[in-house]
>>> print(open('run-v6.txt').read())   # compact mmCIF, C-alpha atoms
# COMPACT_ATOMS: atom_id res chain seq x y z
CA MET A 1 4.64 56.32 62.75
CA GLY A 2 6.09 53.43 60.78
CA LEU A 3 4.08 50.80 58.92
CA THR A 4 0.38 51.22 58.30
CA ILE A 5 -2.26 49.29 56.37
CA GLY A 6 -4.40 50.68 53.57
CA VAL A 7 -7.67 49.00 52.60
CA ASP A 8 -9.31 49.38 49.20
CA ILE A 9 -12.94 48.21 49.00
CA GLY A 10 -13.68 47.16 45.43
CA GLY A 11 -16.78 45.75 43.80
CA THR A 12 -15.31 42.25 43.51
CA LYS A 13 -12.42 42.22 46.00
CA ILE A 14 -11.18 43.92 49.14
CA ALA A 15 -7.44 44.51 49.18
CA ALA A 16 -5.33 45.36 52.22
CA GLY A 17 -1.66 46.28 52.00
CA VAL A 18 1.13 47.12 54.42
CA VAL A 19 2.71 50.42 53.34
CA ASP A 20 5.90 52.08 54.57
CA GLU A 21 6.65 55.79 54.94
CA GLU A 22 7.90 56.01 51.34
CA GLY A 23 4.66 54.69 49.90
CA ARG A 24 6.05 51.23 49.16
CA ILE A 25 3.66 48.29 49.49
CA LEU A 26 5.39 45.54 51.47
CA SER A 27 2.66 42.91 51.47
CA THR A 28 -0.94 42.53 50.34
CA PHE A 29 -3.88 40.31 51.15
CA LYS A 30 -7.10 40.10 49.16
CA VAL A 31 -10.53 38.63 49.87
CA ALA A 32 -13.68 38.48 47.77
CA THR A 33 -16.18 41.28 48.40
CA PRO A 34 -19.21 39.77 50.17
CA PRO A 35 -22.77 40.66 49.09
CA THR A 36 -23.87 42.05 52.49
CA ALA A 37 -22.87 45.18 54.36
CA GLU A 38 -22.00 43.28 57.54
CA GLY A 39 -20.08 40.72 55.51
CA ILE A 40 -17.93 43.51 54.11
CA VAL A 41 -16.92 44.52 57.64
CA ASP A 42 -15.89 40.90 58.30
CA ALA A 43 -13.93 40.85 55.04
CA ILE A 44 -12.10 44.09 55.85
CA CYS A 45 -11.00 42.65 59.18
CA ALA A 46 -9.87 39.41 57.53
CA ALA A 47 -7.87 41.32 54.91
CA VAL A 48 -6.20 43.46 57.59
CA ALA A 49 -5.28 40.37 59.59
CA GLY A 50 -3.87 38.64 56.51
CA ALA A 51 -1.81 41.62 55.35
CA SER A 52 -0.41 42.42 58.79
CA GLU A 53 0.97 38.95 59.46
CA GLY A 54 4.69 39.26 60.09
CA HIS A 55 4.62 43.08 60.25
CA ASP A 56 4.49 45.53 63.15
CA VAL A 57 1.56 47.67 62.00
CA GLU A 58 0.44 50.80 63.83
CA ALA A 59 -2.79 51.95 62.15
CA VAL A 60 -5.31 51.17 59.40
CA GLY A 61 -6.76 53.47 56.73
CA ILE A 62 -9.90 52.40 54.86
CA GLY A 63 -10.96 53.90 51.53
CA ALA A 64 -14.74 53.70 51.20
CA ALA A 65 -16.87 54.79 48.24
CA GLY A 66 -19.41 57.16 49.70
CA TYR A 67 -19.87 60.10 52.03
CA VAL A 68 -17.60 59.89 55.08
CA ASP A 69 -18.18 62.23 58.02
CA ASP A 70 -15.73 64.93 59.09
CA LYS A 71 -14.43 62.76 61.95
CA ARG A 72 -13.38 60.13 59.38
CA ALA A 73 -15.27 57.51 61.34
CA THR A 74 -18.75 57.01 59.90
CA VAL A 75 -19.85 56.24 56.35
CA LEU A 76 -22.92 58.47 56.07
CA PHE A 77 -24.05 57.06 52.74
CA ALA A 78 -22.55 54.50 50.37
CA PRO A 79 -24.37 54.21 47.03
CA ASN A 80 -23.20 50.66 46.27
CA ILE A 81 -23.26 49.21 49.79
CA ASN A 82 -26.19 49.32 52.18
CA TRP A 83 -24.32 51.57 54.59
CA ARG A 84 -26.33 54.41 56.12
CA HIS A 85 -24.55 56.12 59.05
CA GLU A 86 -22.35 53.03 59.33
CA PRO A 87 -19.89 53.33 62.30
CA LEU A 88 -17.14 51.64 60.31
CA LYS A 89 -14.22 52.98 62.35
CA ASP A 90 -15.60 51.66 65.65
CA LYS A 91 -16.55 48.27 64.22
CA VAL A 92 -13.16 47.62 62.64
CA GLU A 93 -11.15 49.03 65.58
CA GLN A 94 -12.90 46.67 67.97
CA ARG A 95 -11.99 43.70 65.80
CA VAL A 96 -8.40 44.48 64.73
CA GLY A 97 -7.14 46.29 67.85
CA LEU A 98 -5.55 49.15 65.87
CA PRO A 99 -6.45 52.83 65.31
CA VAL A 100 -8.60 53.17 62.18
CA VAL A 101 -9.19 56.11 59.84
CA VAL A 102 -12.01 55.97 57.28
CA GLU A 103 -11.64 58.11 54.16
CA ASN A 104 -13.56 58.56 50.94
CA ASP A 105 -11.87 56.34 48.37
CA ALA A 106 -11.36 59.11 45.80
CA ASN A 107 -9.83 61.33 48.50
CA ALA A 108 -7.50 58.48 49.44
CA ALA A 109 -6.45 58.00 45.81
CA ALA A 110 -5.89 61.74 45.40
CA TRP A 111 -3.71 61.82 48.49
CA GLY A 112 -1.72 58.84 47.28
CA GLU A 113 -0.99 60.56 43.96
CA TYR A 114 -0.14 63.84 45.69
CA ARG A 115 2.29 62.22 48.12
CA PHE A 116 3.90 59.50 46.02
CA GLY A 117 2.75 59.90 42.40
CA ALA A 118 2.11 62.57 39.81
CA GLY A 119 1.41 65.28 42.38
CA GLN A 120 4.89 65.35 43.90
CA GLY A 121 6.32 68.87 43.78
CA HIS A 122 2.87 70.52 43.73
CA ASP A 123 1.21 72.27 46.67
CA ASP A 124 -2.20 72.69 45.03
CA VAL A 125 -3.61 69.71 43.13
CA ILE A 126 -7.05 68.64 41.97
CA CYS A 127 -7.48 64.96 41.16
CA ILE A 128 -10.27 63.37 39.17
CA THR A 129 -10.82 59.67 38.63
CA LEU A 130 -12.46 58.68 35.37
CA GLY A 131 -13.72 55.19 36.11
CA THR A 132 -17.18 53.70 36.00
CA GLY A 133 -18.21 57.02 37.54
CA LEU A 134 -16.28 60.23 38.25
CA GLY A 135 -14.67 60.97 41.61
CA GLY A 136 -12.17 63.49 42.87
CA GLY A 137 -10.05 64.98 45.58
CA ILE A 138 -8.82 68.44 46.55
CA ILE A 139 -5.36 69.21 47.92
CA ILE A 140 -4.81 72.92 48.55
CA GLY A 141 -1.85 74.26 50.52
CA ASN A 142 -0.55 70.69 50.95
CA LYS A 143 -3.70 69.66 52.81
CA LEU A 144 -6.54 67.36 51.80
CA ARG A 145 -9.68 69.49 51.83
CA ARG A 146 -12.74 67.54 52.91
CA GLY A 147 -15.13 70.40 53.64
CA ARG A 148 -16.97 71.19 56.86
CA PHE A 149 -18.98 67.95 56.86
CA GLY A 150 -16.36 65.74 55.24
CA VAL A 151 -18.10 65.26 51.89
CA ALA A 152 -16.38 67.74 49.56
CA ALA A 153 -15.04 66.96 46.07
CA GLU A 154 -18.02 64.91 44.84
CA PHE A 155 -17.21 66.32 41.42
CA GLY A 156 -19.10 63.64 39.53
CA HIS A 157 -22.37 65.02 40.84
CA ILE A 158 -21.90 68.61 39.77
CA ARG A 159 -24.81 69.25 37.44
CA VAL A 160 -23.43 70.27 34.05
CA VAL A 161 -26.61 69.83 31.99
CA PRO A 162 -29.85 71.14 33.52
CA ASP A 163 -32.52 68.44 33.23
CA GLY A 164 -29.93 66.21 31.55
CA LEU A 165 -29.39 62.48 31.76
CA LEU A 166 -30.65 60.72 34.88
CA CYS A 167 -27.83 59.85 37.25
CA GLY A 168 -27.65 56.96 39.69
CA CYS A 169 -27.65 59.50 42.52
CA GLY A 170 -31.20 60.50 41.55
CA SER A 171 -30.30 63.87 40.04
CA GLN A 172 -30.12 64.79 36.37
CA GLY A 173 -27.27 66.09 34.24
CA CYS A 174 -24.40 65.11 36.56
CA TRP A 175 -20.88 65.46 35.17
CA GLU A 176 -20.19 61.73 35.46
CA GLN A 177 -23.01 61.01 33.03
CA TYR A 178 -20.90 62.74 30.37
CA ALA A 179 -17.30 62.02 31.47
CA SER A 180 -16.83 58.46 32.75
CA GLY A 181 -16.41 54.90 31.60
CA ARG A 182 -20.18 54.48 31.41
CA ALA A 183 -20.43 57.59 29.26
CA LEU A 184 -17.70 56.31 26.93
CA VAL A 185 -19.61 53.07 26.29
CA ARG A 186 -22.81 55.01 25.67
CA TYR A 187 -21.09 57.29 23.15
CA ALA A 188 -19.62 54.32 21.30
CA LYS A 189 -22.92 52.47 21.13
CA GLN A 190 -24.77 55.54 19.86
CA ARG A 191 -22.18 56.18 17.17
CA ALA A 192 -21.86 52.55 16.12
CA ASN A 193 -25.61 52.31 15.81
CA ALA A 194 -25.76 55.46 13.65
CA THR A 195 -22.77 54.66 11.40
CA PRO A 196 -21.86 50.96 11.67
CA GLU A 197 -19.66 51.29 8.58
CA ASN A 198 -17.31 53.47 10.68
CA ALA A 199 -17.19 50.94 13.54
CA THR A 200 -16.10 47.76 11.81
CA VAL A 201 -13.08 47.21 14.07
CA LEU A 202 -15.06 48.05 17.20
CA LEU A 203 -17.94 45.74 16.35
CA GLY A 204 -15.55 42.99 15.34
CA LEU A 205 -13.89 43.00 18.76
CA GLY A 206 -17.21 42.26 20.46
CA ASP A 207 -19.94 39.90 19.37
CA GLY A 208 -20.69 41.93 16.25
CA SER A 209 -23.64 43.75 17.81
CA VAL A 210 -23.88 47.26 19.23
CA ASP A 211 -25.14 45.87 22.53
CA GLY A 212 -21.97 43.79 22.82
CA ILE A 213 -19.64 46.81 22.93
CA GLU A 214 -17.63 47.07 26.15
CA GLY A 215 -15.05 49.53 27.39
CA LYS A 216 -12.12 47.24 26.60
CA HIS A 217 -13.33 46.96 23.00
CA ILE A 218 -13.41 50.75 22.61
CA SER A 219 -9.83 51.08 23.88
CA GLU A 220 -8.47 48.41 21.58
CA ALA A 221 -10.46 49.68 18.58
CA ALA A 222 -9.18 53.23 19.13
CA ARG A 223 -5.60 51.96 19.16
CA GLN A 224 -6.35 50.28 15.84
CA GLY A 225 -7.70 53.53 14.38
CA ASP A 226 -11.43 52.80 14.48
CA PRO A 227 -13.17 56.16 13.77
CA VAL A 228 -16.13 55.55 16.09
CA ALA A 229 -13.91 54.52 19.00
CA ILE A 230 -11.62 57.52 18.55
CA ASP A 231 -14.56 59.90 18.28
CA SER A 232 -16.09 58.42 21.45
CA PHE A 233 -12.90 59.14 23.39
CA ARG A 234 -12.88 62.68 22.00
CA GLU A 235 -16.44 63.24 23.19
CA LEU A 236 -15.61 62.04 26.68
CA ALA A 237 -12.49 64.22 26.67
CA ARG A 238 -14.50 67.26 25.56
CA TRP A 239 -16.70 66.97 28.65
CA ALA A 240 -13.82 66.12 30.97
CA GLY A 241 -11.70 69.08 29.82
CA ALA A 242 -14.60 71.52 30.05
CA GLY A 243 -15.21 70.36 33.62
CA LEU A 244 -11.57 70.86 34.53
CA ALA A 245 -11.80 74.41 33.21
CA ASP A 246 -14.67 75.04 35.64
CA LEU A 247 -12.67 73.53 38.49
CA ALA A 248 -9.75 75.82 37.58
CA SER A 249 -12.06 78.79 38.12
CA LEU A 250 -12.92 77.44 41.57
CA PHE A 251 -9.56 76.22 42.87
CA ASP A 252 -6.77 77.53 40.58
CA PRO A 253 -4.47 74.52 41.12
CA SER A 254 -1.03 74.14 39.60
CA ALA A 255 -1.94 70.65 38.37
CA PHE A 256 -4.85 68.39 37.58
CA ILE A 257 -4.18 64.68 37.94
CA VAL A 258 -6.38 62.40 35.87
CA GLY A 259 -6.69 58.82 37.12
CA GLY A 260 -9.13 55.95 36.90
CA GLY A 261 -9.49 53.22 34.32
CA VAL A 262 -10.23 55.55 31.42
CA SER A 263 -6.94 57.38 31.97
CA ASP A 264 -5.04 54.13 31.39
CA GLU A 265 -5.31 54.95 27.69
CA GLY A 266 -2.69 57.67 28.18
CA GLU A 267 -2.37 60.35 25.52
CA LEU A 268 -5.29 58.89 23.57
CA VAL A 269 -7.54 60.54 26.14
CA LEU A 270 -5.22 63.01 27.90
CA ASP A 271 -4.26 65.02 24.81
CA PRO A 272 -7.89 65.82 23.86
CA ILE A 273 -8.68 66.55 27.53
CA ARG A 274 -5.89 69.14 27.54
CA LYS A 275 -7.19 70.68 24.32
CA SER A 276 -10.71 70.90 25.70
CA PHE A 277 -9.39 72.36 28.96
CA ARG A 278 -7.58 75.12 27.06
CA ARG A 279 -10.63 75.72 24.88
CA TRP A 280 -12.98 76.30 27.81
CA LEU A 281 -10.66 77.95 30.35
CA ILE A 282 -12.00 81.43 31.02
CA GLY A 283 -9.35 84.03 30.23
CA GLY A 284 -7.10 81.23 29.08
CA GLU A 285 -5.17 83.43 26.67
CA TRP A 286 -4.06 85.69 29.51
CA ARG A 287 -3.63 83.43 32.54
CA PRO A 288 -1.27 80.61 33.56
CA HIS A 289 -2.53 77.12 32.74
CA ALA A 290 -2.52 74.25 35.19
CA GLN A 291 -0.78 71.10 34.01
CA VAL A 292 -3.00 68.13 33.18
CA LEU A 293 -1.07 65.05 34.26
CA ALA A 294 -1.66 61.31 34.09
CA ALA A 295 -1.91 59.52 37.43
CA GLN A 296 1.12 57.35 38.13
CA LEU A 297 0.04 54.88 40.81
CA GLY A 298 -2.83 53.23 38.96
CA GLY A 299 -5.01 50.96 41.07
CA LYS A 300 -2.61 51.23 44.02
CA ALA A 301 -3.32 54.93 44.67
CA GLY A 302 -6.29 54.42 46.99
CA LEU A 303 -4.60 51.77 49.12
CA VAL A 304 -1.36 53.75 49.43
CA GLY A 305 -3.22 56.99 50.12
CA ALA A 306 -5.45 55.45 52.79
CA ALA A 307 -2.42 53.98 54.53
CA ASP A 308 -0.61 57.31 54.53
CA LEU A 309 -3.66 59.16 55.84
CA ALA A 310 -3.86 56.64 58.70
CA ARG A 311 -0.19 57.37 59.43
CA GLN A 312 -1.01 61.05 59.81
CA GLY A 313 -3.87 60.33 62.19
>>> encode(input="run-v6.txt", output="C-alpha cells")
Amino acid sequence: MGLTIGVDIGGTKIAAGVVDEEGRILSTFKVATPPTAEGIVDAICAAVAGASEGHDVEAVGIGAAGYVDDKRATVLFAPNINWRHEPLKDKVEQRVGLPVVVENDANAAAWGEYRFGAGQGHDDVICITLGTGLGGGIIIGNKLRRGRFGVAAEFGHIRVVPDGLLCGCGSQGCWEQYASGRALVRYAKQRANATPENATVLLGLGDGSVDGIEGKHISEAARQGDPVAIDSFRELARWAGAGLADLASLFDPSAFIVGGGVSDEGELVLDPIRKSFRRWLIGGEWRPHAQVLAAQLGGKAGLVGAADLARQG
C-alpha cells in the first residue's frame, strides 16, 4: 500500500496528513475541533478531504483518545468527547469512501516512534507520553500489543498510591496524577507557595502569583536555574522513573521512549528519570538496563503512526 492519511484529534484542532511508506508527511490539513461529538466526525471527514486533495490515498488511520475496541472500529469510551460505543470507523468510511482504521492515540504515537523515530532498531519498546495526562503503548516482538479487548497500555491509570489523589477517571492514586504535565504544575504551585523566596524567577514569569504558574513558566524558570522549578521537574521524574521500573518488571523491553510535551525539556527531565529508573529497578545491580530515550517525532508521532497502522490494515 502506498499513501495513507493519519488523523490526530486534538483538543483545539484536528490534523490530517498524507504519509508515505517512509513516514514522511507530504501534505497536511487542519480544522478547528468542534464542541460536539457529531461535529468532530464532520471535522475528521473535512480534514481527510482537504489533506487528500491531489494525492492518491488508499486508507485512513485515526488516532482517538480513549478506549478503542479490538476490531479497531469503535471508540468504546472517550473521556474528553461524548463518545460511548461510537462506531467511528463506519461513520467515516461511509463519508470518505476509503478503508478506515481507528487506533488509540497513544498507541498510534508509540507505533510512529517505533517505526520512524527513537524506536528504530528495537524489537521490544515501551512508550509513555508525559503530556497533560500519561499515556502509553506496548510493542513486543515488533508488534503493537493492544490486549484481548483492545484497551491495553492505559499506563496512566495504574494505581501507584492506594487512596491517593482523585483522578479524572474516577479512581484514586493513578500514575498520571504524579507524573504528567498537570502534576508538574501542582508540584510547582505547592513549592512556590511554601517557599516563594526560592521561586522568584518562576513567579516573575507569570503574573506574580502562585495561581498564575503555568507549565511554560516552569520550563523557562528551570532553564534559568530557578530552584522551585528544577525541584518540581525532579519530583515528576522521580515518579516517572519509578513507574518505568515497574513496567520493566512486566515487559522487560530493550528501550523506553518518553514523549509528550513534558519530554520536550530534554535532559532536564530525562536525566532524573533515568536516575530514578535505576534507583527503583528491582535487581538493577545484576540485570541489563533498558535504555530511556527521548521521542524524536514530537507532535507528529500520532499522525504518522496512525497512517502507518492504516497501511498495515
>>> residues_near_point(input="run-v6.txt", point="(-6.1, 54.0, 50.3)", cutoff="8 Å", atoms="all atoms listed in the file", output="PDB file with C-alpha atoms, keeping the file's coordinate frame")
ATOM      1  CA  GLY A   6      -4.400  50.680  53.570  1.00  0.00           C
ATOM      2  CA  VAL A   7      -7.670  49.000  52.600  1.00  0.00           C
ATOM      3  CA  ASP A   8      -9.310  49.380  49.200  1.00  0.00           C
ATOM      4  CA  GLY A  61      -6.760  53.470  56.730  1.00  0.00           C
ATOM      5  CA  ILE A  62      -9.900  52.400  54.860  1.00  0.00           C
ATOM      6  CA  GLY A  63     -10.960  53.900  51.530  1.00  0.00           C
ATOM      7  CA  GLU A 103     -11.640  58.110  54.160  1.00  0.00           C
ATOM      8  CA  ASP A 105     -11.870  56.340  48.370  1.00  0.00           C
ATOM      9  CA  ALA A 108      -7.500  58.480  49.440  1.00  0.00           C
ATOM     10  CA  ALA A 109      -6.450  58.000  45.810  1.00  0.00           C
ATOM     11  CA  GLY A 112      -1.720  58.840  47.280  1.00  0.00           C
ATOM     12  CA  LYS A 300      -2.610  51.230  44.020  1.00  0.00           C
ATOM     13  CA  ALA A 301      -3.320  54.930  44.670  1.00  0.00           C
ATOM     14  CA  GLY A 302      -6.290  54.420  46.990  1.00  0.00           C
ATOM     15  CA  LEU A 303      -4.600  51.770  49.120  1.00  0.00           C
ATOM     16  CA  VAL A 304      -1.360  53.750  49.430  1.00  0.00           C
ATOM     17  CA  GLY A 305      -3.220  56.990  50.120  1.00  0.00           C
ATOM     18  CA  ALA A 306      -5.450  55.450  52.790  1.00  0.00           C
ATOM     19  CA  ALA A 307      -2.420  53.980  54.530  1.00  0.00           C
ATOM     20  CA  ASP A 308      -0.610  57.310  54.530  1.00  0.00           C
ATOM     21  CA  LEU A 309      -3.660  59.160  55.840  1.00  0.00           C
TER      22      LEU A 309
END
>>> closest_residue(input="run-v6.txt", among="A:Leu144, A:Val18, A:Val210, A:Val262", to="Arg115 in chain A", atoms="only C-alpha atoms")
A:Leu144
>>> atom_distance(input="run-v6.txt", atom1="CA of Trp280 in chain A", atom2="CA of Ala248 in chain A")
10.3 Å
>>> closest_residue(input="run-v6.txt", among="A:Ile25, A:Ala59, A:Cys167, A:Ala51", to="Pro79 in chain A", atoms="all atoms listed in the file")
A:Cys167
>>> closest_residue(input="run-v6.txt", among="A:Gly243, A:Gly299, A:Gly147, A:Gly54", to="Arg279 in chain A", atoms="all atoms listed in the file")
A:Gly243
>>> residues_around(input="run-v6.txt", residues="Asp70 in chain A", least_positions_apart="2", cutoff="6 Å", atoms="only C-alpha atoms", output="list in words")
Arg72, Phe149 and Gly150 of chain A
>>> atom_distance(input="run-v6.txt", atom1="CA of Ile128 in chain A", atom2="CA of Phe155 in chain A")
7.9 Å
>>> residues_around(input="run-v6.txt", residues="Phe116 in chain A", least_positions_apart="4", cutoff="8 Å", atoms="only C-alpha atoms", output="compact mmCIF listing (two decimals) with C-alpha atoms, keeping the file's coordinate frame")
# COMPACT_ATOMS: atom_id res chain seq x y z
CA GLU A 22 7.90 56.01 51.34
CA GLY A 23 4.66 54.69 49.90
CA GLY A 112 -1.72 58.84 47.28
CA GLN A 120 4.89 65.35 43.90
CA LEU A 297 0.04 54.88 40.81
>>> residues_around(input="run-v6.txt", residues="Glu38 in chain A", least_positions_apart="3", cutoff="12 Å", atoms="all atoms listed in the file", output="list in words")
Thr33, Pro34, Pro35, Val41, Asp42, Ala43, Ile44, Cys45, Ile81, Asn82, Trp83, Glu86, Pro87, Leu88, Lys91 and Val92 of chain A
>>> atom_distance(input="run-v6.txt", atom1="CA of Ala295 in chain A", atom2="CA of Leu203 in chain A")
29.9 Å
>>> decode(input="run-v6.txt", residues="range 300-311 of chain A", atoms="all heavy atoms", output="mmCIF file, in the first residue's frame")
data_model
loop_
_atom_site.group_PDB
_atom_site.id
_atom_site.type_symbol
_atom_site.label_atom_id
_atom_site.label_comp_id
_atom_site.auth_asym_id
_atom_site.auth_seq_id
_atom_site.Cartn_x
_atom_site.Cartn_y
_atom_site.Cartn_z
ATOM 1 N N LYS A 300 4.195 14.999 15.745
ATOM 2 C CA LYS A 300 3.838 14.290 14.510
ATOM 3 C C LYS A 300 3.668 12.794 14.718
ATOM 4 O O LYS A 300 3.175 12.097 13.828
ATOM 5 C CB LYS A 300 4.915 14.518 13.449
ATOM 6 C CG LYS A 300 5.154 15.968 13.074
ATOM 7 C CD LYS A 300 6.202 16.086 11.990
ATOM 8 C CE LYS A 300 7.563 15.590 12.463
ATOM 9 N NZ LYS A 300 8.627 15.777 11.430
ATOM 10 N N ALA A 301 4.096 12.265 15.870
ATOM 11 C CA ALA A 301 4.154 10.815 16.065
ATOM 12 C C ALA A 301 2.794 10.153 15.895
ATOM 13 O O ALA A 301 2.680 9.109 15.245
ATOM 14 C CB ALA A 301 4.726 10.499 17.450
ATOM 15 N N GLY A 302 1.750 10.736 16.477
ATOM 16 C CA GLY A 302 0.431 10.126 16.405
ATOM 17 C C GLY A 302 -0.111 10.088 14.992
ATOM 18 O O GLY A 302 -0.679 9.083 14.549
ATOM 19 N N LEU A 303 0.063 11.171 14.259
ATOM 20 C CA LEU A 303 -0.431 11.232 12.879
ATOM 21 C C LEU A 303 0.315 10.233 12.006
ATOM 22 O O LEU A 303 -0.301 9.460 11.249
ATOM 23 C CB LEU A 303 -0.256 12.663 12.367
ATOM 24 C CG LEU A 303 -0.861 13.029 11.009
ATOM 25 C CD1 LEU A 303 -1.167 14.532 10.960
ATOM 26 C CD2 LEU A 303 0.077 12.666 9.862
ATOM 27 N N VAL A 304 1.636 10.213 12.113
ATOM 28 C CA VAL A 304 2.446 9.290 11.307
ATOM 29 C C VAL A 304 2.151 7.835 11.683
ATOM 30 O O VAL A 304 2.020 6.971 10.802
ATOM 31 C CB VAL A 304 3.947 9.609 11.485
ATOM 32 C CG1 VAL A 304 4.809 8.524 10.853
ATOM 33 C CG2 VAL A 304 4.263 10.970 10.877
ATOM 34 N N GLY A 305 2.027 7.577 12.980
ATOM 35 C CA GLY A 305 1.745 6.215 13.422
ATOM 36 C C GLY A 305 0.383 5.734 12.972
ATOM 37 O O GLY A 305 0.223 4.580 12.515
ATOM 38 N N ALA A 306 -0.634 6.589 13.075
ATOM 39 C CA ALA A 306 -1.983 6.203 12.630
ATOM 40 C C ALA A 306 -1.997 5.899 11.137
ATOM 41 O O ALA A 306 -2.634 4.935 10.690
ATOM 42 C CB ALA A 306 -2.972 7.313 12.966
ATOM 43 N N ALA A 307 -1.290 6.710 10.368
ATOM 44 C CA ALA A 307 -1.233 6.468 8.924
ATOM 45 C C ALA A 307 -0.558 5.141 8.613
ATOM 46 O O ALA A 307 -1.000 4.392 7.734
ATOM 47 C CB ALA A 307 -0.483 7.624 8.237
ATOM 48 N N ASP A 308 0.504 4.827 9.325
ATOM 49 C CA ASP A 308 1.214 3.578 9.048
ATOM 50 C C ASP A 308 0.391 2.368 9.485
ATOM 51 O O ASP A 308 0.411 1.330 8.820
ATOM 52 C CB ASP A 308 2.574 3.584 9.756
ATOM 53 C CG ASP A 308 3.499 2.493 9.226
ATOM 54 O OD1 ASP A 308 3.817 2.540 8.016
ATOM 55 O OD2 ASP A 308 3.869 1.599 9.996
ATOM 56 N N LEU A 309 -0.334 2.493 10.571
ATOM 57 C CA LEU A 309 -1.197 1.399 11.013
ATOM 58 C C LEU A 309 -2.324 1.165 10.008
ATOM 59 O O LEU A 309 -2.744 0.019 9.782
ATOM 60 C CB LEU A 309 -1.757 1.688 12.403
ATOM 61 C CG LEU A 309 -0.721 1.600 13.529
ATOM 62 C CD1 LEU A 309 -1.259 2.229 14.808
ATOM 63 C CD2 LEU A 309 -0.331 0.150 13.792
ATOM 64 N N ALA A 310 -2.829 2.233 9.397
ATOM 65 C CA ALA A 310 -3.840 2.069 8.354
ATOM 66 C C ALA A 310 -3.246 1.336 7.148
ATOM 67 O O ALA A 310 -3.918 0.523 6.503
ATOM 68 C CB ALA A 310 -4.361 3.438 7.932
ATOM 69 N N ARG A 311 -1.977 1.635 6.864
ATOM 70 C CA ARG A 311 -1.300 0.963 5.732
ATOM 71 C C ARG A 311 -1.213 -0.540 5.953
ATOM 72 O O ARG A 311 -1.309 -1.332 5.011
ATOM 73 C CB ARG A 311 0.093 1.560 5.561
ATOM 74 C CG ARG A 311 0.900 0.969 4.431
ATOM 75 C CD ARG A 311 2.222 1.697 4.247
ATOM 76 N NE ARG A 311 2.009 3.072 3.828
ATOM 77 C CZ ARG A 311 2.218 4.136 4.596
ATOM 78 N NH1 ARG A 311 2.659 3.986 5.838
ATOM 79 N NH2 ARG A 311 1.985 5.350 4.139
#
